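Trainee: Sharing start.pdb here; it has PDB, C-alpha atoms, pLDDT in the B column.
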```
ATOM      1  CA  MET A1066       4.526   6.495  -5.315  1.00 95.00           C
ATOM      2  CA  LYS A1067       7.982   7.236  -3.891  1.00 97.00           C
ATOM      3  CA  LYS A1068       8.264  10.398  -5.967  1.00 97.00           C
ATOM      4  CA  GLY A1069       5.013  11.669  -4.444  1.00 97.00           C
ATOM      5  CA  VAL A1070       6.011  10.833  -0.859  1.00 97.00           C
ATOM      6  CA  ASP A1071       9.464  12.362  -1.241  1.00 97.00           C
ATOM      7  CA  SER A1072       7.974  15.591  -2.636  1.00 97.00           C
ATOM      8  CA  ILE A1073       6.511  16.464   0.776  1.00 96.00           C
ATOM      9  CA  ASP A1074       8.987  18.326   2.965  1.00 95.00           C
ATOM     10  CA  GLY A1075      10.097  16.301   5.998  1.00 93.00           C
ATOM     11  CA  VAL A1076       8.799  12.948   4.710  1.00 94.00           C
ATOM     12  CA  GLU A1077      10.908  10.244   3.086  1.00 94.00           C
ATOM     13  CA  ALA A1078       9.768   7.020   1.429  1.00 95.00           C
ATOM     14  CA  VAL A1079      11.876   3.929   2.069  1.00 95.00           C
ATOM     15  CA  LEU A1080      11.268   0.996  -0.255  1.00 95.00           C
ATOM     16  CA  PHE A1081      11.192  -2.588   0.962  1.00 95.00           C
ATOM     17  CA  ARG A1082       9.901  -5.861  -0.391  1.00 94.00           C
ATOM     18  CA  VAL A1083       8.510  -8.828   1.485  1.00 95.00           C
ATOM     19  CA  PRO A1084      10.238 -12.216   1.493  1.00 94.00           C
ATOM     20  CA  GLU A1085       9.606 -14.443  -1.512  1.00 93.00           C
ATOM     21  CA  THR A1086       7.766 -17.632  -0.636  1.00 94.00           C
ATOM     22  CA  LEU A1087       7.853 -19.443  -3.973  1.00 92.00           C
ATOM     23  CA  PRO A1088      10.690 -21.713  -5.088  1.00 92.00           C
ATOM     24  CA  VAL A1089      12.946 -20.437  -7.886  1.00 90.00           C
ATOM     25  CA  GLU A1090      11.662 -23.167 -10.233  1.00 93.00           C
ATOM     26  CA  VAL A1091       8.085 -21.965  -9.859  1.00 92.00           C
ATOM     27  CA  LEU A1092       9.099 -18.337 -10.374  1.00 87.00           C
ATOM     28  CA  GLU A1093      10.933 -19.314 -13.563  1.00 88.00           C
ATOM     29  CA  GLN A1094       7.857 -21.163 -14.855  1.00 88.00           C
ATOM     30  CA  MET A1095       5.771 -18.082 -14.124  1.00 81.00           C
ATOM     31  CA  LYS A1096       8.329 -15.976 -16.044  1.00 79.00           C
ATOM     32  CA  ALA A1097       8.618 -13.720 -12.990  1.00 81.00           C
ATOM     33  CA  PRO A1098      11.447 -11.217 -13.363  1.00 80.00           C
ATOM     34  CA  PRO A1099      14.423 -11.788 -11.061  1.00 81.00           C
ATOM     35  CA  LYS A1100      14.549  -9.612  -7.958  1.00 84.00           C
ATOM     36  CA  GLY A1101      17.619  -7.439  -7.561  1.00 84.00           C
ATOM     37  CA  ASP A1102      19.317  -6.392  -4.354  1.00 87.00           C
ATOM     38  CA  GLU A1103      18.535  -2.664  -4.764  1.00 92.00           C
ATOM     39  CA  ILE A1104      15.296  -3.027  -2.755  1.00 93.00           C
ATOM     40  CA  PRO A1105      15.969  -4.843   0.533  1.00 94.00           C
ATOM     41  CA  VAL A1106      13.698  -7.435   2.122  1.00 95.00           C
ATOM     42  CA  VAL A1107      11.855  -6.034   5.131  1.00 96.00           C
ATOM     43  CA  SER A1108      11.697  -7.775   8.487  1.00 96.00           C
ATOM     44  CA  VAL A1109       8.622  -7.659  10.699  1.00 97.00           C
ATOM     45  CA  ASP A1110      10.646  -5.910  13.410  1.00 96.00           C
ATOM     46  CA  GLU A1111      11.392  -2.987  11.072  1.00 96.00           C
ATOM     47  CA  LEU A1112       7.709  -2.118  10.726  1.00 96.00           C
ATOM     48  CA  VAL A1113       7.579  -0.376  14.104  1.00 96.00           C
ATOM     49  CA  ASN A1114      10.034   2.249  12.820  1.00 95.00           C
ATOM     50  CA  ALA A1115       7.636   3.584  10.168  1.00 95.00           C
ATOM     51  CA  ASP A1116       5.266   6.516  10.611  1.00 95.00           C
ATOM     52  CA  GLY A1117       3.043   5.247   7.785  1.00 96.00           C
ATOM     53  CA  PHE A1118       2.747   2.572   5.116  1.00 96.00           C
ATOM     54  CA  LEU A1119       1.822   2.248   1.483  1.00 97.00           C
ATOM     55  CA  PHE A1120       1.623  -1.475   0.818  1.00 96.00           C
ATOM     56  CA  GLY A1121       1.812  -2.434  -2.840  1.00 94.00           C
ATOM     57  CA  PHE A1122       1.114  -5.912  -4.151  1.00 93.00           C
ATOM     58  CA  PRO A1123      -0.223  -7.845  -7.104  1.00 91.00           C
ATOM     59  CA  THR A1124      -3.696  -9.319  -7.054  1.00 90.00           C
ATOM     60  CA  ARG A1125      -4.189 -13.060  -6.972  1.00 88.00           C
ATOM     61  CA  PHE A1126      -7.796 -14.120  -7.531  1.00 89.00           C
ATOM     62  CA  GLY A1127      -9.191 -10.901  -6.068  1.00 89.00           C
ATOM     63  CA  SER A1128      -6.955 -10.634  -3.010  1.00 92.00           C
ATOM     64  CA  MET A1129      -3.345  -9.901  -2.113  1.00 94.00           C
ATOM     65  CA  SER A1130      -0.577 -12.223  -3.253  1.00 92.00           C
ATOM     66  CA  SER A1131       0.380 -15.146  -1.024  1.00 93.00           C
ATOM     67  CA  GLN A1132       3.767 -13.541  -0.309  1.00 94.00           C
ATOM     68  CA  MET A1133       2.110 -10.443   1.125  1.00 95.00           C
ATOM     69  CA  LYS A1134      -0.424 -12.494   3.087  1.00 96.00           C
ATOM     70  CA  ALA A1135       2.380 -14.641   4.535  1.00 96.00           C
ATOM     71  CA  PHE A1136       4.189 -11.479   5.603  1.00 97.00           C
ATOM     72  CA  PHE A1137       1.090 -10.079   7.313  1.00 97.00           C
ATOM     73  CA  ASP A1138       0.556 -13.469   8.966  1.00 97.00           C
ATOM     74  CA  SER A1139       4.052 -13.201  10.439  1.00 97.00           C
ATOM     75  CA  THR A1140       3.192  -9.958  12.266  1.00 98.00           C
ATOM     76  CA  ASP A1141       1.350 -11.741  15.086  1.00 97.00           C
ATOM     77  CA  GLU A1142       3.693 -10.465  17.826  1.00 97.00           C
ATOM     78  CA  LEU A1143       3.187  -6.877  16.671  1.00 97.00           C
ATOM     79  CA  TRP A1144      -0.558  -7.558  16.622  1.00 97.00           C
ATOM     80  CA  MET A1145      -0.599  -9.002  20.145  1.00 97.00           C
ATOM     81  CA  GLU A1146       1.082  -5.869  21.479  1.00 97.00           C
ATOM     82  CA  GLN A1147      -0.784  -3.538  19.057  1.00 96.00           C
ATOM     83  CA  LYS A1148       2.527  -1.950  18.079  1.00 97.00           C
ATOM     84  CA  LEU A1149       1.110  -0.703  14.755  1.00 97.00           C
ATOM     85  CA  ALA A1150      -2.115   0.715  16.195  1.00 97.00           C
ATOM     86  CA  GLY A1151      -2.854   4.223  14.996  1.00 96.00           C
ATOM     87  CA  VAL A1152      -0.354   4.095  12.114  1.00 96.00           C
ATOM     88  CA  PRO A1153      -1.783   5.333   8.769  1.00 97.00           C
ATOM     89  CA  ALA A1154      -1.647   2.834   5.896  1.00 97.00           C
ATOM     90  CA  GLY A1155      -2.885   2.533   2.335  1.00 97.00           C
ATOM     91  CA  PHE A1156      -2.628   0.205  -0.651  1.00 96.00           C
ATOM     92  CA  PHE A1157      -1.735   0.208  -4.313  1.00 95.00           C
ATOM     93  CA  VAL A1158      -2.166  -2.826  -6.523  1.00 94.00           C
ATOM     94  CA  SER A1159      -1.568  -4.373  -9.904  1.00 91.00           C
ATOM     95  CA  THR A1160      -3.809  -6.758 -11.779  1.00 89.00           C
ATOM     96  CA  GLY A1161      -3.411  -8.739 -14.952  1.00 85.00           C
ATOM     97  CA  THR A1162      -6.703  -7.556 -16.430  1.00 83.00           C
ATOM     98  CA  GLN A1163      -9.335  -4.845 -16.012  1.00 82.00           C
ATOM     99  CA  GLY A1164     -11.597  -7.307 -14.218  1.00 78.00           C
ATOM    100  CA  GLY A1165      -8.722  -8.606 -12.131  1.00 82.00           C
ATOM    101  CA  GLY A1166      -9.969  -7.367  -8.764  1.00 83.00           C
ATOM    102  CA  GLN A1167      -8.269  -4.071  -7.922  1.00 90.00           C
ATOM    103  CA  GLU A1168     -11.076  -3.005  -5.567  1.00 90.00           C
ATOM    104  CA  THR A1169     -11.636  -6.435  -4.008  1.00 92.00           C
ATOM    105  CA  THR A1170      -7.923  -6.699  -3.329  1.00 92.00           C
ATOM    106  CA  ALA A1171      -8.046  -3.504  -1.268  1.00 93.00           C
ATOM    107  CA  TRP A1172     -11.274  -4.599   0.469  1.00 93.00           C
ATOM    108  CA  THR A1173      -9.804  -7.916   1.540  1.00 93.00           C
ATOM    109  CA  ALA A1174      -6.532  -6.301   2.621  1.00 95.00           C
ATOM    110  CA  ILE A1175      -8.286  -3.843   4.936  1.00 96.00           C
ATOM    111  CA  THR A1176      -8.799  -6.691   7.420  1.00 96.00           C
ATOM    112  CA  GLN A1177      -5.043  -6.789   8.020  1.00 96.00           C
ATOM    113  CA  LEU A1178      -5.068  -3.118   9.010  1.00 97.00           C
ATOM    114  CA  ALA A1179      -8.195  -3.448  11.157  1.00 97.00           C
ATOM    115  CA  HIS A1180      -6.732  -6.234  13.281  1.00 97.00           C
ATOM    116  CA  HIS A1181      -3.615  -4.148  13.885  1.00 97.00           C
ATOM    117  CA  GLY A1182      -5.670  -1.053  14.726  1.00 97.00           C
ATOM    118  CA  MET A1183      -4.049   0.799  11.833  1.00 97.00           C
ATOM    119  CA  LEU A1184      -5.746   3.744  10.129  1.00 97.00           C
ATOM    120  CA  TYR A1185      -6.784   2.926   6.569  1.00 97.00           C
ATOM    121  CA  VAL A1186      -6.201   5.934   4.304  1.00 97.00           C
ATOM    122  CA  PRO A1187      -7.912   5.556   0.935  1.00 97.00           C
ATOM    123  CA  ILE A1188      -7.353   8.242  -1.682  1.00 96.00           C
ATOM    124  CA  GLY A1189     -11.070   8.635  -2.341  1.00 95.00           C
ATOM    125  CA  TYR A1190     -11.601  10.986  -5.250  1.00 95.00           C
ATOM    126  CA  THR A1191      -8.849  13.408  -4.210  1.00 94.00           C
ATOM    127  CA  PHE A1192      -7.161  12.895  -7.594  1.00 93.00           C
ATOM    128  CA  GLY A1193      -9.944  15.028  -9.065  1.00 88.00           C
ATOM    129  CA  ALA A1194     -10.805  14.828 -12.743  1.00 84.00           C
ATOM    130  CA  GLY A1195      -8.184  12.140 -13.331  1.00 79.00           C
ATOM    131  CA  MET A1196     -10.396   9.659 -11.466  1.00 81.00           C
ATOM    132  CA  PHE A1197     -13.184  10.211 -13.989  1.00 82.00           C
ATOM    133  CA  ARG A1198     -11.201  10.034 -17.239  1.00 79.00           C
ATOM    134  CA  MET A1199     -12.608   7.511 -19.673  1.00 80.00           C
ATOM    135  CA  ASP A1200     -10.406   8.220 -22.691  1.00 81.00           C
ATOM    136  CA  SER A1201      -7.818   5.579 -21.842  1.00 79.00           C
ATOM    137  CA  ILE A1202      -7.477   2.376 -19.891  1.00 79.00           C
ATOM    138  CA  ARG A1203      -6.183   2.971 -16.377  1.00 86.00           C
ATOM    139  CA  GLY A1204      -5.981   1.166 -13.095  1.00 88.00           C
ATOM    140  CA  GLY A1205      -6.708   2.588  -9.682  1.00 91.00           C
ATOM    141  CA  SER A1206      -9.808   3.384  -7.680  1.00 92.00           C
ATOM    142  CA  PRO A1207     -10.839   5.373  -4.613  1.00 94.00           C
ATOM    143  CA  TYR A1208      -9.120   2.612  -2.600  1.00 95.00           C
ATOM    144  CA  GLY A1209      -5.692   3.288  -4.064  1.00 95.00           C
ATOM    145  CA  ALA A1210      -3.569   3.590  -7.161  1.00 95.00           C
ATOM    146  CA  GLY A1211      -3.389   0.653  -9.502  1.00 94.00           C
ATOM    147  CA  VAL A1212      -2.003  -0.558 -12.763  1.00 93.00           C
ATOM    148  CA  PHE A1213      -3.053  -3.180 -15.276  1.00 89.00           C
ATOM    149  CA  SER A1214       0.085  -5.224 -15.809  1.00 87.00           C
ATOM    150  CA  GLY A1215      -1.208  -7.792 -18.313  1.00 81.00           C
ATOM    151  CA  ASP A1216       1.474 -10.387 -18.852  1.00 79.00           C
ATOM    152  CA  GLY A1217       4.059  -8.043 -17.367  1.00 78.00           C
ATOM    153  CA  SER A1218       4.953  -6.316 -20.619  1.00 82.00           C
ATOM    154  CA  ARG A1219       2.472  -3.415 -20.294  1.00 87.00           C
ATOM    155  CA  GLN A1220       3.965  -0.221 -18.920  1.00 90.00           C
ATOM    156  CA  PRO A1221       1.920   2.108 -16.660  1.00 92.00           C
ATOM    157  CA  THR A1222       0.122   4.954 -18.432  1.00 91.00           C
ATOM    158  CA  GLU A1223       0.815   8.592 -17.628  1.00 91.00           C
ATOM    159  CA  THR A1224      -2.504   8.697 -15.750  1.00 92.00           C
ATOM    160  CA  GLU A1225      -1.595   5.630 -13.681  1.00 93.00           C
ATOM    161  CA  LEU A1226       1.787   7.152 -12.832  1.00 95.00           C
ATOM    162  CA  ALA A1227       0.182  10.489 -11.935  1.00 94.00           C
ATOM    163  CA  LEU A1228      -2.349   8.715  -9.686  1.00 95.00           C
ATOM    164  CA  ALA A1229       0.471   6.841  -7.927  1.00 97.00           C
ATOM    165  CA  GLU A1230       2.401  10.071  -7.395  1.00 97.00           C
ATOM    166  CA  HIS A1231      -0.757  11.724  -6.078  1.00 97.00           C
ATOM    167  CA  GLN A1232      -1.348   8.884  -3.626  1.00 97.00           C
ATOM    168  CA  GLY A1233       2.235   9.200  -2.400  1.00 97.00           C
ATOM    169  CA  LYS A1234       1.778  12.949  -1.790  1.00 98.00           C
ATOM    170  CA  TYR A1235      -1.603  12.417  -0.159  1.00 97.00           C
ATOM    171  CA  MET A1236      -0.310   9.728   2.201  1.00 97.00           C
ATOM    172  CA  ALA A1237       2.806  11.739   3.072  1.00 97.00           C
ATOM    173  CA  THR A1238       0.592  14.705   3.979  1.00 96.00           C
ATOM    174  CA  VAL A1239      -1.563  12.506   6.221  1.00 96.00           C
ATOM    175  CA  VAL A1240       1.477  10.893   7.868  1.00 95.00           C
ATOM    176  CA  LYS A1241       3.050  14.302   8.463  1.00 93.00           C
ATOM    177  CA  ARG A1242      -0.186  15.544  10.043  1.00 91.00           C
ATOM    178  CA  TYR A1243      -0.339  12.571  12.416  1.00 86.00           C
ATOM    179  CA  ALA A1244       3.362  12.746  13.262  1.00 78.00           C
ATOM    180  CA  LYS A1245       3.011  16.267  14.695  1.00 59.00           C
ATOM    181  CA  PRO A1246       2.331  16.681  18.399  1.00 58.00           C
ATOM    182  CA  PHE A1247      -1.213  17.829  19.027  1.00 54.00           C
ATOM    183  CA  SER A1248      -3.537  18.495  21.898  1.00 52.00           C
ATOM    184  CA  LEU A1249      -7.145  17.492  22.314  1.00 55.00           C
ATOM    185  CA  VAL A1250      -9.618  20.249  23.026  1.00 57.00           C
ATOM    186  CA  SER A1251     -12.724  19.340  24.954  1.00 51.00           C
ATOM    187  CA  GLY A1252     -15.928  21.356  24.898  1.00 52.00           C
ATOM    188  CA  ASN A1253     -16.890  19.841  28.245  1.00 49.00           C
ATOM    189  CA  ASN A1254     -16.032  22.230  31.068  1.00 48.00           C
ATOM    190  CA  HIS A1255     -16.842  19.576  33.669  1.00 47.00           C
ATOM    191  CA  SER A1256     -13.865  17.335  33.036  1.00 46.00           C
TER     192      SER A1256
END
```
Produce structure tokens that represent the structure in this file.

Mentor:
Amino acid sequence: MKKGVDSIDGVEAVLFRVPETLPVEVLEQMKAPPKGDEIPVVSVDELVNADGFLFGFPTRFGSMSSQMKAFFDSTDELWMEQKLAGVPAGFFVSTGTQGGGQETTAWTAITQLAHHGMLYVPIGYTFGAGMFRMDSIRGGSPYGAGVFSGDGSRQPTETELALAEHQGKYMATVVKRYAKPFSLVSGNNHS
């Protein structure tokens, strides 16, 4: 994803993660890998500095993880002032299985963007023939890139990585387009 964003001139991806909400003991029981310090934890206040977002999260029972939902729930002050209105945003997800809910996760996450007045940017079928390949297992959909993580030991396929890079490029192009000054042209001569 970052590789795709960074490949567009004048656009830079900055990685953040949301605060962890589970106790260490629970994470150990889940065999969750430890989180390093190389990707900083984002604060709600930092969101207003972004020109666009690609939110990535694992699926839990067909919707975003509780950590991501808790983070969105903490954005109420930004919501009240509509500070994120008009900002383009998209999603990428991971699921444990093929039937794990990659599309429903995006569908249920769209509500977060709608309440903020953000612009949802799906990738549609812009990936071309790669979206229709049936010769290997791959995650992703018109709603965003995705990966099947299984128990955490499965590595993304080349197609999944290419789809993620494509989504990064696509989003960066959209963000760059919206970041430029523009003027509205009206066909009504009576205004």

Trainee: For this file, the PyMOL selection byres ((chain A and resi 1209) around 6) selects which residues, as a PDB file with C-alpha atoms, keeping the file's coordinate frame?

Mentor:
```
ATOM      1  CA  PHE A1156      -2.628   0.205  -0.651  1.00 96.00           C
ATOM      2  CA  PHE A1157      -1.735   0.208  -4.313  1.00 95.00           C
ATOM      3  CA  PRO A1187      -7.912   5.556   0.935  1.00 97.00           C
ATOM      4  CA  ILE A1188      -7.353   8.242  -1.682  1.00 96.00           C
ATOM      5  CA  GLY A1205      -6.708   2.588  -9.682  1.00 91.00           C
ATOM      6  CA  SER A1206      -9.808   3.384  -7.680  1.00 92.00           C
ATOM      7  CA  PRO A1207     -10.839   5.373  -4.613  1.00 94.00           C
ATOM      8  CA  TYR A1208      -9.120   2.612  -2.600  1.00 95.00           C
ATOM      9  CA  ALA A1210      -3.569   3.590  -7.161  1.00 95.00           C
TER      10      ALA A1210
END
```

Trainee: Given the choices A:Thr1162, A:His1231, A:Ala1154, A:Arg1242, which gets closest to Gly1117 in chain A if the distance is worked out from only C-alpha atoms?

Mentor: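 Closest to Gly1117 in chain A of all the choices is A:Ala1154.
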
Trainee: Written as a ChimeraX atom specification, which residues does the PyMOL selection byres ((chain A and resi 1161) around 12) give for the file shown?

Mentor: /A:1123-1127,1158-1160,1162-1167,1204,1211-1220

Trainee: Could you tell me which residues the PyMOL selection byres ((chain A and resi 1223) around 12) grabs in this file, written as a PDB file with C-alpha atoms, keeping the file's coordinate frame?

Mentor:
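For reference, expr16.pdb as written:
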```
ATOM      1  CA  GLY A1195      -8.184  12.140 -13.331  1.00 79.00           C
ATOM      2  CA  SER A1201      -7.818   5.579 -21.842  1.00 79.00           C
ATOM      3  CA  ILE A1202      -7.477   2.376 -19.891  1.00 79.00           C
ATOM      4  CA  ARG A1203      -6.183   2.971 -16.377  1.00 86.00           C
ATOM      5  CA  GLY A1204      -5.981   1.166 -13.095  1.00 88.00           C
ATOM      6  CA  VAL A1212      -2.003  -0.558 -12.763  1.00 93.00           C
ATOM      7  CA  GLN A1220       3.965  -0.221 -18.920  1.00 90.00           C
ATOM      8  CA  PRO A1221       1.920   2.108 -16.660  1.00 92.00           C
ATOM      9  CA  THR A1222       0.122   4.954 -18.432  1.00 91.00           C
ATOM     10  CA  THR A1224      -2.504   8.697 -15.750  1.00 92.00           C
ATOM     11  CA  GLU A1225      -1.595   5.630 -13.681  1.00 93.00           C
ATOM     12  CA  LEU A1226       1.787   7.152 -12.832  1.00 95.00           C
ATOM     13  CA  ALA A1227       0.182  10.489 -11.935  1.00 94.00           C
ATOM     14  CA  LEU A1228      -2.349   8.715  -9.686  1.00 95.00           C
ATOM     15  CA  ALA A1229       0.471   6.841  -7.927  1.00 97.00           C
ATOM     16  CA  GLU A1230       2.401  10.071  -7.395  1.00 97.00           C
TER      17      GLU A1230
END
```

Trainee: Write out as JSON lines the residues of range 1115-1233 of chain A that have any atom within 10 Å of an atom of range 1080-1084 of chain A, one row each with the nearest atom pair and its distance in Å to one decimal, counting all atoms listed in the file, sorted by chain and then rising number.

Mentor:
```
{"residue": "A:Leu1119", "atom": "CA", "partner": "A:Leu1080", "partner_atom": "CA", "distance": 9.7}
{"residue": "A:Phe1120", "atom": "CA", "partner": "A:Arg1082", "partner_atom": "CA", "distance": 9.4}
{"residue": "A:Gly1121", "atom": "CA", "partner": "A:Arg1082", "partner_atom": "CA", "distance": 9.1}
{"residue": "A:Phe1122", "atom": "CA", "partner": "A:Arg1082", "partner_atom": "CA", "distance": 9.6}
{"residue": "A:Gln1132", "atom": "CA", "partner": "A:Pro1084", "partner_atom": "CA", "distance": 6.8}
{"residue": "A:Met1133", "atom": "CA", "partner": "A:Val1083", "partner_atom": "CA", "distance": 6.6}
{"residue": "A:Lys1134", "atom": "CA", "partner": "A:Val1083", "partner_atom": "CA", "distance": 9.8}
{"residue": "A:Ala1135", "atom": "CA", "partner": "A:Pro1084", "partner_atom": "CA", "distance": 8.8}
{"residue": "A:Phe1136", "atom": "CA", "partner": "A:Val1083", "partner_atom": "CA", "distance": 6.5}
{"residue": "A:Phe1137", "atom": "CA", "partner": "A:Val1083", "partner_atom": "CA", "distance": 9.5}
```

Trainee: Report as JSON the centre and the edge lengths, in Å to one decimal, of the axis-aligned box holding every listed atom of range 1117-1133 of chain A, padded by 4 Å on each side.

Mentor:
```
{"center_x": -2.7, "center_y": -4.9, "center_z": 0.1, "size_x": 21.0, "size_y": 28.4, "size_z": 23.3}
```

Trainee: Selecting N, CA, C and O atoms, how would range 1191-1206 of chain A from this structure be written as a CSV table (one decimal), in the first residue's frame?

Mentor:
```
chain,number,residue,atom,x,y,z
A,1191,THR,N,-10.7,-1.2,-11.0
A,1191,THR,CA,-9.6,-0.5,-11.7
A,1191,THR,C,-8.3,-1.3,-11.7
A,1191,THR,O,-7.4,-0.9,-12.4
A,1192,PHE,N,-8.2,-2.4,-11.0
A,1192,PHE,CA,-7.1,-3.3,-11.0
A,1192,PHE,C,-7.1,-4.1,-12.3
A,1192,PHE,O,-6.1,-4.8,-12.6
A,1193,GLY,N,-8.1,-4.1,-13.1
A,1193,GLY,CA,-8.2,-4.8,-14.4
A,1193,GLY,C,-8.3,-6.3,-14.2
A,1193,GLY,O,-9.0,-6.8,-13.3
A,1194,ALA,N,-7.6,-7.0,-15.1
A,1194,ALA,CA,-7.7,-8.4,-15.2
A,1194,ALA,C,-7.3,-9.1,-13.8
A,1194,ALA,O,-7.8,-10.2,-13.6
A,1195,GLY,N,-6.5,-8.5,-13.0
A,1195,GLY,CA,-6.1,-9.1,-11.7
A,1195,GLY,C,-7.3,-9.3,-10.8
A,1195,GLY,O,-7.3,-10.2,-10.0
A,1196,MET,N,-8.4,-8.5,-11.0
A,1196,MET,CA,-9.6,-8.7,-10.2
A,1196,MET,C,-10.4,-9.9,-10.6
A,1196,MET,O,-11.2,-10.4,-9.8
A,1197,PHE,N,-10.1,-10.4,-11.8
A,1197,PHE,CA,-10.9,-11.6,-12.3
A,1197,PHE,C,-10.1,-12.9,-12.2
A,1197,PHE,O,-10.7,-13.9,-12.6
A,1198,ARG,N,-8.9,-12.8,-11.8
A,1198,ARG,CA,-8.1,-14.1,-11.8
A,1198,ARG,C,-8.7,-15.1,-10.9
A,1198,ARG,O,-9.1,-14.8,-9.7
A,1199,MET,N,-8.7,-16.3,-11.3
A,1199,MET,CA,-9.3,-17.4,-10.5
A,1199,MET,C,-8.3,-18.6,-10.4
A,1199,MET,O,-8.6,-19.6,-9.9
A,1200,ASP,N,-7.0,-18.3,-10.8
A,1200,ASP,CA,-6.0,-19.4,-10.7
A,1200,ASP,C,-5.3,-19.5,-9.4
A,1200,ASP,O,-4.5,-20.4,-9.2
A,1201,SER,N,-5.6,-18.6,-8.5
A,1201,SER,CA,-5.0,-18.7,-7.1
A,1201,SER,C,-5.9,-18.0,-6.1
A,1201,SER,O,-6.8,-17.2,-6.5
A,1202,ILE,N,-5.8,-18.4,-4.9
A,1202,ILE,CA,-6.5,-17.8,-3.8
A,1202,ILE,C,-6.0,-16.4,-3.6
A,1202,ILE,O,-4.8,-16.2,-3.5
A,1203,ARG,N,-6.9,-15.4,-3.5
A,1203,ARG,CA,-6.5,-14.0,-3.2
A,1203,ARG,C,-7.6,-13.3,-2.5
A,1203,ARG,O,-8.8,-13.6,-2.7
A,1204,GLY,N,-7.2,-12.4,-1.7
A,1204,GLY,CA,-8.1,-11.5,-1.0
A,1204,GLY,C,-8.3,-10.3,-1.8
A,1204,GLY,O,-7.7,-10.1,-2.9
A,1205,GLY,N,-9.2,-9.4,-1.3
A,1205,GLY,CA,-9.5,-8.1,-2.0
A,1205,GLY,C,-10.8,-8.2,-2.8
A,1205,GLY,O,-11.3,-9.3,-3.1
A,1206,SER,N,-11.3,-7.0,-3.0
A,1206,SER,CA,-12.6,-6.9,-3.7
A,1206,SER,C,-12.7,-5.5,-4.3
A,1206,SER,O,-11.8,-4.7,-4.1
```
